[in-house]
$ cat final16.tsv   # TSV, C-alpha atoms and all ligand atoms
chain	number	residue	atom	x	y	z
N	8	MET	CA	0.00	0.00	0.00
N	9	LEU	CA	1.11	3.53	-0.76
N	10	ASN	CA	-0.66	6.23	1.23
N	11	PHE	CA	-0.70	9.83	-0.03
N	12	THR	CA	-3.58	10.97	2.22
N	13	VAL	CA	-3.25	13.57	4.96
N	14	GLY	CA	-3.57	11.22	7.87
N	15	PRO	CA	-3.06	8.56	8.97
N	16	VAL	CA	0.06	8.63	6.81
N	17	MET	CA	3.00	6.29	6.16
N	18	SER	CA	5.13	5.58	9.25
N	19	SER	CA	8.85	4.87	9.45
N	20	GLU	CA	10.21	1.37	10.14
N	21	VAL	CA	11.16	2.38	13.69
N	22	VAL	CA	7.64	3.60	14.43
N	23	LEU	CA	6.08	0.49	12.86
N	24	ALA	CA	8.30	-1.84	14.91
N	25	ILE	CA	7.12	-0.23	18.17
N	26	GLY	CA	3.53	-0.77	17.04
N	27	ALA	CA	4.21	-4.52	16.96
N	28	GLU	CA	5.47	-4.61	20.58
N	29	GLN	CA	3.48	-5.31	23.75
N	30	VAL	CA	2.21	-2.11	25.36
N	31	PRO	CA	3.94	-1.61	28.72
N	32	TYR	CA	2.48	-0.46	32.03
N	33	PHE	CA	2.96	3.28	32.25
N	34	ARG	CA	2.99	4.50	35.86
N	35	THR	CA	6.74	4.07	35.86
N	36	ALA	CA	9.83	6.27	35.98
N	37	GLU	CA	10.76	5.10	32.47
N	38	PHE	CA	7.47	6.23	30.93
N	39	SER	CA	7.61	9.55	32.83
N	40	GLU	CA	11.06	10.18	31.41
N	41	LEU	CA	9.83	9.45	27.87
N	42	MET	CA	6.90	11.86	28.32
N	43	LEU	CA	9.15	14.65	29.58
N	44	GLU	CA	11.41	14.07	26.59
N	45	ASN	CA	8.35	14.27	24.29
N	46	GLU	CA	7.42	17.59	25.88
N	47	GLN	CA	10.92	18.98	25.52
N	48	LEU	CA	11.22	17.91	21.85
N	49	VAL	CA	7.85	19.25	20.65
N	50	LYS	CA	8.58	22.56	22.38
N	51	LYS	CA	11.96	22.68	20.68
N	52	PHE	CA	10.48	21.91	17.24
N	53	ALA	CA	7.82	24.62	17.66
N	54	ASN	CA	10.36	27.08	19.08
N	55	ALA	CA	8.15	27.58	22.13
N	56	THR	CA	9.50	29.68	25.01
N	57	SER	CA	11.11	27.71	27.85
N	58	ASP	CA	8.24	28.62	30.21
N	59	SER	CA	5.67	27.13	27.80
N	60	ARG	CA	4.30	23.67	28.52
N	61	ALA	CA	3.16	20.78	26.34
N	62	VAL	CA	0.48	18.20	27.08
N	63	PHE	CA	-0.52	15.00	25.31
N	64	LEU	CA	-4.24	14.20	25.31
N	65	THR	CA	-5.60	10.84	24.30
N	66	CYS	CA	-8.03	11.89	21.59
N	67	SER	CA	-7.69	12.96	17.98
N	68	GLY	CA	-6.76	16.48	16.95
N	69	SER	CA	-10.37	17.66	17.25
N	70	GLY	CA	-10.26	16.84	20.97
N	71	GLY	CA	-7.35	19.27	21.24
N	72	MET	CA	-9.37	21.94	19.43
N	73	GLU	CA	-12.27	21.49	21.87
N	74	ALA	CA	-9.93	21.38	24.89
N	75	ALA	CA	-8.37	24.68	23.79
N	76	ILE	CA	-11.76	26.38	23.66
N	77	MET	CA	-13.12	24.86	26.88
N	78	ASN	CA	-10.03	25.70	28.91
N	79	THR	CA	-9.00	29.14	27.69
N	80	LEU	CA	-12.16	30.95	26.52
N	81	THR	CA	-15.31	32.10	28.35
N	82	ASN	CA	-18.46	33.99	27.42
N	83	HIS	CA	-16.62	37.20	28.36
N	84	ASP	CA	-14.41	36.74	25.31
N	85	LYS	CA	-15.09	38.09	21.85
N	86	ALA	CA	-13.45	35.79	19.33
N	87	LEU	CA	-12.60	36.06	15.66
N	88	VAL	CA	-12.41	32.86	13.68
N	89	ILE	CA	-11.32	32.16	10.12
N	90	ASN	CA	-13.58	29.73	8.32
N	91	GLY	CA	-12.09	28.63	5.00
N	92	GLY	CA	-13.21	25.01	4.95
N	93	SER	CA	-14.29	22.05	7.04
N	94	PHE	CA	-11.77	22.59	9.85
N	95	GLY	CA	-12.58	26.29	10.18
N	96	GLU	CA	-16.23	25.24	10.26
N	97	ARG	CA	-15.38	22.92	13.19
N	98	PHE	CA	-14.02	25.86	15.21
N	99	VAL	CA	-17.25	27.76	14.42
N	100	GLU	CA	-19.35	24.81	15.63
N	101	LEU	CA	-17.29	24.49	18.81
N	102	LEU	CA	-17.52	28.19	19.64
N	103	THR	CA	-21.28	27.98	19.10
N	104	LEU	CA	-21.62	24.89	21.28
N	105	HIS	CA	-19.61	26.42	24.12
N	106	ASP	CA	-21.42	29.78	23.96
N	107	ILE	CA	-18.31	31.83	23.18
N	108	PRO	CA	-19.28	35.11	21.44
N	109	PHE	CA	-17.56	35.20	18.05
N	110	THR	CA	-17.42	36.66	14.56
N	111	GLU	CA	-16.67	34.44	11.62
N	112	ILE	CA	-14.42	35.53	8.76
N	113	LYS	CA	-15.76	33.39	5.97
N	114	MET	CA	-13.17	32.71	3.27
N	115	GLU	CA	-13.90	31.53	-0.23
N	116	LYS	CA	-12.49	28.06	-0.89
N	117	GLY	CA	-8.89	28.15	-2.04
N	118	LYS	CA	-8.42	31.87	-1.42
N	119	ALA	CA	-5.44	33.32	0.45
N	120	LEU	CA	-5.86	35.63	3.44
N	121	LYS	CA	-5.21	39.30	2.60
N	122	PRO	CA	-4.97	42.40	4.86
N	123	GLU	CA	-8.41	43.54	3.68
N	124	HIS	CA	-9.99	40.45	5.26
N	125	LEU	CA	-8.82	41.56	8.71
N	126	ALA	CA	-9.09	45.35	8.37
N	127	PRO	CA	-12.81	45.59	9.37
N	128	TYR	CA	-12.04	44.00	12.77
N	129	GLU	CA	-9.19	46.31	13.76
N	130	GLY	CA	-9.70	48.05	17.14
N	131	LYS	CA	-13.12	46.42	17.71
N	132	GLY	CA	-12.35	44.85	21.07
N	133	TYR	CA	-11.72	41.27	19.97
N	134	THR	CA	-9.97	39.21	22.66
N	135	ALA	CA	-9.19	35.94	20.88
N	136	PHE	CA	-8.33	34.73	17.38
N	137	LEU	CA	-8.78	31.15	16.20
N	138	PHE	CA	-7.62	29.78	12.86
N	139	GLN	CA	-6.09	26.88	10.97
N	140	LYS	CA	-2.52	27.67	9.91
N	141	HIS	CA	-3.25	25.26	7.09
N	142	GLU	CA	-6.91	24.62	6.19
N	143	THR	CA	-6.32	21.03	5.11
N	144	SER	CA	-9.68	20.57	3.38
N	145	THR	CA	-8.85	23.10	0.66
N	146	GLY	CA	-5.06	23.12	1.03
N	147	VAL	CA	-4.81	26.81	1.90
N	148	HIS	CA	-1.87	27.93	4.02
N	149	TYR	CA	-2.85	31.19	5.72
N	150	ASP	CA	-0.51	34.13	6.17
N	151	THR	CA	0.36	33.59	9.83
N	152	LYS	CA	2.45	36.76	10.08
N	153	LEU	CA	-0.55	38.83	9.03
N	154	ILE	CA	-2.69	37.22	11.75
N	155	SER	CA	0.08	37.42	14.33
N	156	ASP	CA	0.57	41.15	13.69
N	157	PHE	CA	-3.19	41.69	13.99
N	158	CYS	CA	-3.23	39.78	17.29
N	159	LYS	CA	-0.28	41.77	18.65
N	160	ARG	CA	-1.88	45.12	17.72
N	161	ASN	CA	-5.28	44.11	19.11
N	162	ALA	CA	-4.12	42.13	22.17
N	163	CYS	CA	-5.86	38.99	20.90
N	164	PHE	CA	-5.13	35.60	22.42
N	165	MET	CA	-4.15	33.30	19.55
N	166	ILE	CA	-5.30	29.68	19.24
N	167	VAL	CA	-3.72	28.10	16.19
N	168	ASP	CA	-4.63	24.72	14.75
N	169	THR	CA	-1.36	23.49	13.24
N	170	ILE	CA	-2.63	19.91	13.00
N	171	SER	CA	-1.59	19.27	9.39
N	172	THR	CA	1.21	21.84	9.09
N	173	PHE	CA	3.41	21.27	12.13
N	174	LEU	CA	6.71	19.80	10.82
N	175	ALA	CA	5.58	20.37	7.22
N	176	ASP	CA	5.82	24.19	7.13
N	177	HIS	CA	7.91	26.63	9.15
N	178	PHE	CA	6.31	27.41	12.53
N	179	ASP	CA	7.73	29.57	15.30
N	180	MET	CA	5.43	29.84	18.28
N	181	THR	CA	7.52	32.49	20.03
N	182	ASP	CA	7.80	34.72	17.01
N	183	LEU	CA	4.03	34.51	16.39
N	184	ASN	CA	3.23	35.04	20.07
N	185	ALA	CA	0.71	32.18	19.84
N	186	GLY	CA	-1.10	31.17	23.04
N	187	VAL	CA	-2.08	27.63	22.05
N	188	MET	CA	-0.92	25.38	19.24
N	189	ILE	CA	-2.53	22.04	18.51
N	190	THR	CA	-1.34	19.08	16.45
N	191	GLY	CA	-2.18	15.39	16.14
N	192	SER	CA	-0.19	12.17	16.06
N	193	GLN	CA	-1.38	10.97	12.64
N	194	LYS	CA	-0.38	13.97	10.50
N	195	ALA	CA	3.27	14.99	9.98
N	196	LEU	CA	4.23	13.21	13.20
N	197	ALA	CA	3.49	10.11	11.10
N	198	CYS	CA	2.32	7.92	13.96
N	199	PRO	CA	-1.02	6.14	14.41
N	200	PRO	CA	-3.97	8.36	15.43
N	201	GLY	CA	-4.84	8.73	19.10
N	202	ILE	CA	-2.88	11.65	20.54
N	203	ALA	CA	-3.52	15.39	20.36
N	204	VAL	CA	-0.47	17.46	21.24
N	205	MET	CA	-0.97	20.94	22.66
N	206	ILE	CA	1.68	23.52	23.40
N	207	LEU	CA	0.58	26.20	25.86
N	208	ALA	CA	2.39	29.52	26.18
N	209	PRO	CA	2.37	31.38	29.54
N	210	SER	CA	-0.60	33.45	28.29
N	211	ALA	CA	-2.56	30.20	27.87
N	212	LEU	CA	-1.42	28.82	31.22
N	213	GLU	CA	-2.79	31.91	32.90
N	214	ARG	CA	-6.13	31.60	31.10
N	215	ILE	CA	-6.36	27.89	31.99
N	216	GLU	CA	-5.72	28.70	35.65
N	217	ASN	CA	-8.61	31.20	35.64
N	218	THR	CA	-11.12	29.23	33.54
N	219	LYS	CA	-13.44	26.55	34.82
N	220	CYS	CA	-13.43	23.62	32.40
N	221	TYR	CA	-16.79	21.85	32.23
N	222	CYS	CA	-15.29	18.53	31.15
N	223	GLN	CA	-13.20	16.46	33.49
N	224	TYR	CA	-11.53	14.34	30.79
N	225	LEU	CA	-10.30	17.37	28.82
N	226	ASP	CA	-9.47	19.58	31.82
N	227	LEU	CA	-6.04	20.97	31.01
N	228	LYS	CA	-5.40	21.87	34.67
N	229	LEU	CA	-5.31	18.14	35.39
N	230	ALA	CA	-3.21	17.36	32.30
N	231	LEU	CA	-0.69	20.07	33.22
N	232	LYS	CA	-0.46	19.01	36.86
N	233	ASN	CA	0.26	15.41	35.85
N	234	GLN	CA	2.66	16.29	33.02
N	235	VAL	CA	4.94	18.03	35.57
N	236	ARG	CA	6.08	14.50	36.47
N	237	GLY	CA	5.65	13.08	32.95
N	238	GLN	CA	2.28	11.49	33.62
N	239	THR	CA	-1.34	11.85	32.49
N	240	PRO	CA	-4.55	11.89	34.60
N	241	TRP	CA	-6.01	8.93	32.69
N	242	THR	CA	-4.56	5.93	30.87
N	243	PRO	CA	-3.12	7.44	27.69
N	244	ALA	CA	-2.52	5.81	24.31
N	245	VAL	CA	0.76	4.48	25.71
N	246	GLY	CA	1.85	2.76	22.52
N	247	VAL	CA	1.32	5.87	20.38
N	248	LEU	CA	3.24	8.01	22.88
N	249	ARG	CA	6.16	5.59	22.61
N	250	GLN	CA	5.96	5.84	18.82
N	251	ILE	CA	5.86	9.65	19.03
N	252	ASN	CA	9.00	9.52	21.15
N	253	ALA	CA	10.85	7.44	18.56
N	254	ARG	CA	9.65	9.69	15.75
N	255	LEU	CA	10.65	12.92	17.52
N	256	LYS	CA	14.11	11.52	18.17
N	257	GLU	CA	14.35	10.38	14.55
N	258	ILE	CA	13.58	13.94	13.39
N	259	ASP	CA	15.97	15.42	15.93
N	260	THR	CA	18.82	13.21	14.75
N	261	ALA	CA	18.09	14.07	11.11
N	262	GLY	CA	18.50	17.81	11.77
N	263	GLY	CA	15.33	18.83	13.62
N	264	ALA	CA	12.12	20.53	12.53
N	265	MET	CA	13.82	22.71	9.90
N	266	ALA	CA	15.29	19.69	8.12
N	267	GLU	CA	11.93	17.89	8.20
N	268	VAL	CA	10.17	20.95	6.76
N	269	GLU	CA	12.76	21.17	3.98
N	270	ARG	CA	12.43	17.47	3.20
N	271	THR	CA	8.65	17.85	2.91
N	272	ALA	CA	9.01	21.00	0.77
N	273	ARG	CA	11.30	19.15	-1.65
N	274	LEU	CA	8.81	16.30	-2.04
N	275	ALA	CA	5.93	18.72	-2.65
N	276	GLU	CA	7.97	20.58	-5.24
N	277	TYR	CA	9.03	17.36	-6.93
N	278	PHE	CA	5.41	16.25	-7.30
N	279	ARG	CA	4.14	19.67	-8.44
N	280	ASN	CA	6.87	19.99	-11.08
N	281	LYS	CA	6.13	16.53	-12.46
N	282	LEU	CA	2.41	17.32	-12.66
N	283	LYS	CA	3.23	20.18	-15.01
N	284	GLU	CA	5.82	18.20	-16.94
N	285	TYR	CA	3.34	15.37	-17.68
N	286	ASP	CA	0.52	17.79	-18.45
N	287	LEU	CA	-2.02	15.90	-16.35
N	288	PRO	CA	-5.63	17.18	-16.43
N	289	PHE	CA	-5.54	18.57	-12.89
N	290	THR	CA	-5.46	22.15	-11.70
N	291	ILE	CA	-4.20	23.30	-8.31
N	292	ILE	CA	-7.07	24.99	-6.46
N	293	SER	CA	-5.21	26.83	-3.70
N	294	GLU	CA	-3.73	30.33	-4.01
N	295	SER	CA	-1.45	29.71	-1.06
N	296	LEU	CA	0.00	26.23	-0.78
N	297	SER	CA	1.36	24.40	2.25
N	298	ASN	CA	4.11	21.82	1.81
N	299	ALA	CA	1.76	19.30	3.41
N	300	VAL	CA	-0.64	18.76	0.53
N	301	THR	CA	-1.44	19.56	-3.11
N	302	PRO	CA	-5.21	20.10	-3.60
N	303	LEU	CA	-6.26	19.29	-7.14
N	304	HIS	CA	-9.34	19.77	-9.28
N	305	PRO	CA	-9.53	17.12	-12.02
N	306	THR	CA	-10.94	18.63	-15.19
N	307	THR	CA	-12.00	15.43	-16.97
N	308	GLN	CA	-13.24	12.97	-14.34
N	309	SER	CA	-14.89	12.92	-10.90
N	310	ALA	CA	-12.31	13.31	-8.12
N	311	TYR	CA	-13.98	10.57	-6.13
N	312	GLN	CA	-13.84	8.16	-9.09
N	313	ILE	CA	-10.11	8.78	-9.40
N	314	PHE	CA	-9.68	8.09	-5.68
N	315	GLN	CA	-11.67	4.84	-6.03
N	316	ILE	CA	-9.82	3.48	-9.02
N	317	LEU	CA	-6.40	4.25	-7.54
N	318	LYS	CA	-7.38	2.50	-4.31
N	319	ASP	CA	-9.00	-0.55	-5.90
N	320	GLU	CA	-6.81	-1.13	-8.94
N	321	TYR	CA	-3.44	0.39	-8.07
N	322	GLY	CA	-3.26	-0.06	-4.27
N	323	MET	CA	-2.64	3.66	-3.74
N	324	TRP	CA	-4.52	6.13	-1.62
N	325	ILE	CA	-4.93	9.75	-2.50
N	326	CYS	CA	-7.11	11.86	-0.21
N	327	PRO	CA	-10.74	12.27	-1.25
N	328	ASN	CA	-12.74	15.36	-0.23
N	329	GLY	CA	-16.18	15.27	1.29
N	330	GLY	CA	-19.40	17.22	0.94
N	331	ASP	CA	-19.78	19.49	-2.05
N	332	MET	CA	-16.11	19.01	-2.98
N	333	LYS	CA	-16.45	15.23	-3.38
N	334	ASP	CA	-16.43	15.19	-7.17
N	335	ASN	CA	-14.36	18.32	-7.68
N	336	VAL	CA	-11.33	18.00	-5.44
N	337	PHE	CA	-8.85	15.38	-4.32
N	338	ARG	CA	-5.64	15.96	-2.45
N	339	VAL	CA	-2.18	14.47	-2.67
N	340	GLY	CA	-0.34	14.60	0.63
N	341	HIS	CA	3.38	15.06	1.20
N	342	ILE	CA	3.55	14.27	4.91
N	343	GLY	CA	4.72	10.95	6.35
N	344	CYS	CA	7.48	8.67	5.20
N	345	LEU	CA	7.30	9.12	1.44
N	346	THR	CA	10.04	9.36	-1.15
N	347	GLU	CA	10.40	10.67	-4.70
N	348	SER	CA	10.10	7.14	-6.06
N	349	ASP	CA	6.71	6.79	-4.33
N	350	TYR	CA	5.57	9.86	-6.30
N	351	ASP	CA	6.99	8.33	-9.47
N	352	GLN	CA	4.67	5.37	-8.91
N	353	LEU	CA	1.67	7.63	-8.36
N	354	LEU	CA	2.48	9.67	-11.45
N	355	LYS	CA	2.87	6.46	-13.45
N	356	ALA	CA	-0.65	5.47	-12.35
N	357	PHE	CA	-2.03	8.86	-13.40
N	358	ILE	CA	-0.35	8.55	-16.80
N	359	ASP	CA	-1.77	5.06	-17.17
N	360	LEU	CA	-5.27	6.42	-16.42
N	361	LYS	CA	-4.72	9.15	-18.98
N	362	ASP	CA	-3.58	6.61	-21.61
N	363	LYS	CA	-6.72	4.60	-20.90
N	364	LYS	CA	-8.76	7.80	-21.32
N	365	PHE	CA	-10.17	7.42	-17.78
N	366	ILE	CA	-8.94	10.94	-17.04
O	1	LIG	C1	-6.83	16.55	10.54
O	1	LIG	C2	-7.16	17.92	11.00
O	1	LIG	C3	-7.99	18.14	12.10
O	1	LIG	C4	-8.77	17.08	12.80
O	1	LIG	O1	-8.03	16.14	13.33
O	1	LIG	P1	-8.67	14.75	13.80
O	1	LIG	O2	-7.43	14.08	14.27
O	1	LIG	O3	-9.30	14.12	12.61
O	1	LIG	O4	-9.62	15.03	14.88
O	1	LIG	C5	-8.20	19.44	12.50
O	1	LIG	N1	-7.64	20.46	11.85
O	1	LIG	C6	-6.84	20.28	10.79
O	1	LIG	C7	-6.25	21.48	10.13
O	1	LIG	C8	-6.57	19.00	10.33
O	1	LIG	O5	-5.79	18.83	9.25
$ encode --input "final16.tsv" --output "structure tokens"
Amino acid sequence: MLNFTVGPVMSSEVVLAIGAEQVPYFRTAEFSELMLENEQLVKKFANATSDSRAVFLTCSGSGGMEAAIMNTLTNHDKALVINGGSFGERFVELLTLHDIPFTEIKMEKGKALKPEHLAPYEGKGYTAFLFQKHETSTGVHYDTKLISDFCKRNACFMIVDTISTFLADHFDMTDLNAGVMITGSQKALACPPGIAVMILAPSALERIENTKCYCQYLDLKLALKNQVRGQTPWTPAVGVLRQINARLKEIDTAGGAMAEVERTARLAEYFRNKLKEYDLPFTIISESLSNAVTPLHPTTQSAYQIFQILKDEYGMWICPNGGDMKDNVFRVGHIGCLTESDYDQLLKAFIDLKDKKFI
């Protein structure tokens, strides 16, 4: 199987081997040490300040999104949220559910964020800003500097969903002055799903301290208290946390976050150049691409049909889209353990489909 989706993605041999082992008991000094090392490495890769903290929740990335809202925002806040696709929509739903007052900045699919999108909200008393650094559903990488500058000028607390972009695109939590960043184990961390990683800057720690969380399982006060000694309040996905540890060390040894971002960028570029070279009937739909994924509109065949035939007849997975994008968009991911020769195989399959007049 070759997997070009955006998660779960292909894992390295080291990560796979741990998945085949027995899962150990975890209330031990050894597991605590591993968890503290995980915290230190994710903070390093995000360039978080030394007084920031990281926690590992046993849930998917969406659980991290909900935890961020439940633990740092109240109905005294006035939030701005960018909605450019299905993940932005999720933030909107969560803010609605938790009764946080908010204004939605609705973006057209595939469009980049420009200063004029933010200008109307300048000096209007907003206290928080939520957005996806990379809206994975449409493959749009938002201008984080633009948002960060807005937040600094307007004293907005920033919650950034970096679930599909962390380790795929440059990210500097200190420079952006972000309060909360969220990622998940099955995206560029290239581990099985099951863990949401959150990095919390001092501004977030203060909000957490002063906010009552109406969910015991996702209460970050409890997660933070336990993580001081490398533990979690509840039984975590122990096996996945061990895989994350191996993966973080693998990245560290290979040159750290910067090297991983560059590796991903090279793969994305390789694939995008070949697409042009072979003149395939696909157009890129995003004005502002991330290294994590190439979102494509096929001009001659349903996107979902292409996904199906590649899966069933070629043993390859590209990433289908849902809802009203089902027939119009598919995505080719560049995160996980992929190589240029894997893309050569995918391109060969596309050319074969073109020769057979399927596309
Ligand atoms: C994948 C993804 C999520 C959701 O993560 P789950 O692990 O499926 O809950 C949220 N936001 C973005 C930007 C994503 O790419």
$ residues_near_ligand --input "final16.tsv" --ligand "ligand LIG 1 (chain O)" --cutoff "6 Å" --atoms "all atoms listed in the file" --output "ChimeraX atom specification"
/N:67-69,94,139,141-143,168,170-171,191
$ closest_atom_pairs --input "final16.tsv" --of "region 70-147 of chain N" --to "region 211-232 of chain N" --cutoff "10 Å" --atoms "only C-alpha atoms" --output "Markdown table"
| residue | atom | partner | partner_atom | distance |
| --- | --- | --- | --- | --- |
| N:Gly70 | CA | N:Leu225 | CA | 7.9 |
| N:Gly71 | CA | N:Leu225 | CA | 8.4 |
| N:Glu73 | CA | N:Leu225 | CA | 8.3 |
| N:Ala74 | CA | N:Leu225 | CA | 5.6 |
| N:Ala75 | CA | N:Leu227 | CA | 8.4 |
| N:Ile76 | CA | N:Cys220 | CA | 9.3 |
| N:Met77 | CA | N:Cys220 | CA | 5.7 |
| N:Asn78 | CA | N:Ile215 | CA | 5.3 |
| N:Thr79 | CA | N:Arg214 | CA | 5.1 |
| N:Leu80 | CA | N:Thr218 | CA | 7.3 |
| N:Thr81 | CA | N:Thr218 | CA | 7.3 |
| N:His105 | CA | N:Tyr221 | CA | 9.7 |
$ closest_residue --input "final16.tsv" --among "N:Ala36, N:Ala208, N:Val336, N:Leu248" --to "Leu64 (chain N)" --atoms "only C-alpha atoms"
N:Leu248
$ residues_around --input "final16.tsv" --residues "region 9-19 of chain N" --least-positions-apart "5" --cutoff "8 Å" --atoms "all atoms listed in the file" --output "number ranges by chain"
N: 171, 193-195, 197-200, 254, 299-300, 322-326, 338-345, 349
$ atom_distance --input "final16.tsv" --atom1 "CA of Ala61 (chain N)" --atom2 "CA of Val247 (chain N)"
16.2 Å
$ atom_distance --input "final16.tsv" --atom1 "CA of Gly237 (chain N)" --atom2 "CA of Asp179 (chain N)"
24.2 Å
$ closest_residue --input "final16.tsv" --among "N:Val99, N:Cys66, N:Ala119, N:Val88" --to "Ser293 (chain N)" --atoms "all atoms listed in the file"
N:Ala119
$ closest_residue --input "final16.tsv" --among "N:Ile89, N:Met114, N:Met332, N:Leu196" --to "Leu255 (chain N)" --atoms "only C-alpha atoms"
N:Leu196
$ atom_distance --input "final16.tsv" --atom1 "CA of Gln312 (chain N)" --atom2 "CA of Phe357 (chain N)"
12.6 Å
$ closest_residue --input "final16.tsv" --among "N:Arg160, N:Val62, N:Lys355, N:Glu123" --to "Glu44 (chain N)" --atoms "only C-alpha atoms"
N:Val62
$ axis_aligned_box --input "final16.tsv" --around "region 323-332 of chain N" --padding-each-side "8 Å" --output "JSON"
{"center_x": -11.2, "center_y": 11.6, "center_z": -1.2, "size_x": 33.1, "size_y": 31.8, "size_z": 21.0}
$ closest_residue --input "final16.tsv" --among "N:Gly246, N:Lys281, N:Lys364, N:Arg97" --to "Ala27 (chain N)" --atoms "all atoms listed in the file"
N:Gly246
$ closest_residue --input "final16.tsv" --among "N:Phe157, N:Gln234, N:Pro240, N:Asn280" --to "Pro127 (chain N)" --atoms "all atoms listed in the file"
N:Phe157
$ residues_around --input "final16.tsv" --residues "Met265 (chain N)" --least-positions-apart "6" --cutoff "9 Å" --atoms "only C-alpha atoms" --output "ChimeraX atom specification"
/N:52,174-177
$ build_atoms --input "final16.tsv" --residues "region 220-226 of chain N" --atoms "all heavy atoms" --output "CSV table (one decimal), in the frame of the given file"
chain,number,residue,atom,x,y,z
N,220,CYS,N,-13.2,24.5,33.5
N,220,CYS,CA,-13.4,23.6,32.4
N,220,CYS,C,-14.6,22.7,32.8
N,220,CYS,O,-14.5,21.9,33.7
N,220,CYS,CB,-12.2,22.8,32.1
N,220,CYS,SG,-12.4,21.7,30.7
N,221,TYR,N,-15.6,22.7,31.9
N,221,TYR,CA,-16.8,21.8,32.2
N,221,TYR,C,-16.7,20.5,31.6
N,221,TYR,O,-17.6,20.0,30.9
N,221,TYR,CB,-18.1,22.6,31.8
N,221,TYR,CG,-18.4,23.7,32.7
N,221,TYR,CD1,-18.0,25.0,32.4
N,221,TYR,CD2,-19.1,23.5,33.9
N,221,TYR,CE1,-18.3,26.1,33.3
N,221,TYR,CE2,-19.4,24.6,34.8
N,221,TYR,CZ,-19.0,25.8,34.4
N,221,TYR,OH,-19.3,26.9,35.3
N,222,CYS,N,-15.5,19.9,31.6
N,222,CYS,CA,-15.3,18.5,31.2
N,222,CYS,C,-14.1,18.0,31.9
N,222,CYS,O,-13.0,18.5,31.8
N,222,CYS,CB,-15.0,18.5,29.6
N,222,CYS,SG,-14.6,16.9,29.0
N,223,GLN,N,-14.3,17.0,32.7
N,223,GLN,CA,-13.2,16.5,33.5
N,223,GLN,C,-12.1,15.9,32.6
N,223,GLN,O,-10.9,16.1,32.8
N,223,GLN,CB,-13.7,15.4,34.5
N,223,GLN,CG,-12.7,15.0,35.5
N,223,GLN,CD,-13.1,13.8,36.3
N,223,GLN,OE1,-13.8,12.9,35.8
N,223,GLN,NE2,-12.8,13.9,37.6
N,224,TYR,N,-12.5,15.1,31.6
N,224,TYR,CA,-11.5,14.3,30.8
N,224,TYR,C,-10.6,15.3,30.0
N,224,TYR,O,-9.4,15.0,29.9
N,224,TYR,CB,-12.3,13.4,29.8
N,224,TYR,CG,-11.3,12.5,29.0
N,224,TYR,CD1,-10.8,11.3,29.6
N,224,TYR,CD2,-10.9,12.8,27.7
N,224,TYR,CE1,-10.0,10.5,29.0
N,224,TYR,CE2,-10.1,11.9,27.1
N,224,TYR,CZ,-9.6,10.8,27.7
N,224,TYR,OH,-8.7,9.9,27.0
N,225,LEU,N,-11.1,16.4,29.6
N,225,LEU,CA,-10.3,17.4,28.8
N,225,LEU,C,-9.8,18.6,29.6
N,225,LEU,O,-9.4,19.6,29.1
N,225,LEU,CB,-11.1,17.9,27.6
N,225,LEU,CG,-11.4,16.8,26.5
N,225,LEU,CD1,-12.2,17.5,25.4
N,225,LEU,CD2,-10.1,16.2,25.9
N,226,ASP,N,-9.9,18.5,31.0
N,226,ASP,CA,-9.5,19.6,31.8
N,226,ASP,C,-7.9,19.7,31.8
N,226,ASP,O,-7.2,18.8,32.2
N,226,ASP,CB,-9.9,19.3,33.3
N,226,ASP,CG,-9.8,20.6,34.1
N,226,ASP,OD1,-8.9,21.4,33.8
N,226,ASP,OD2,-10.5,20.7,35.2
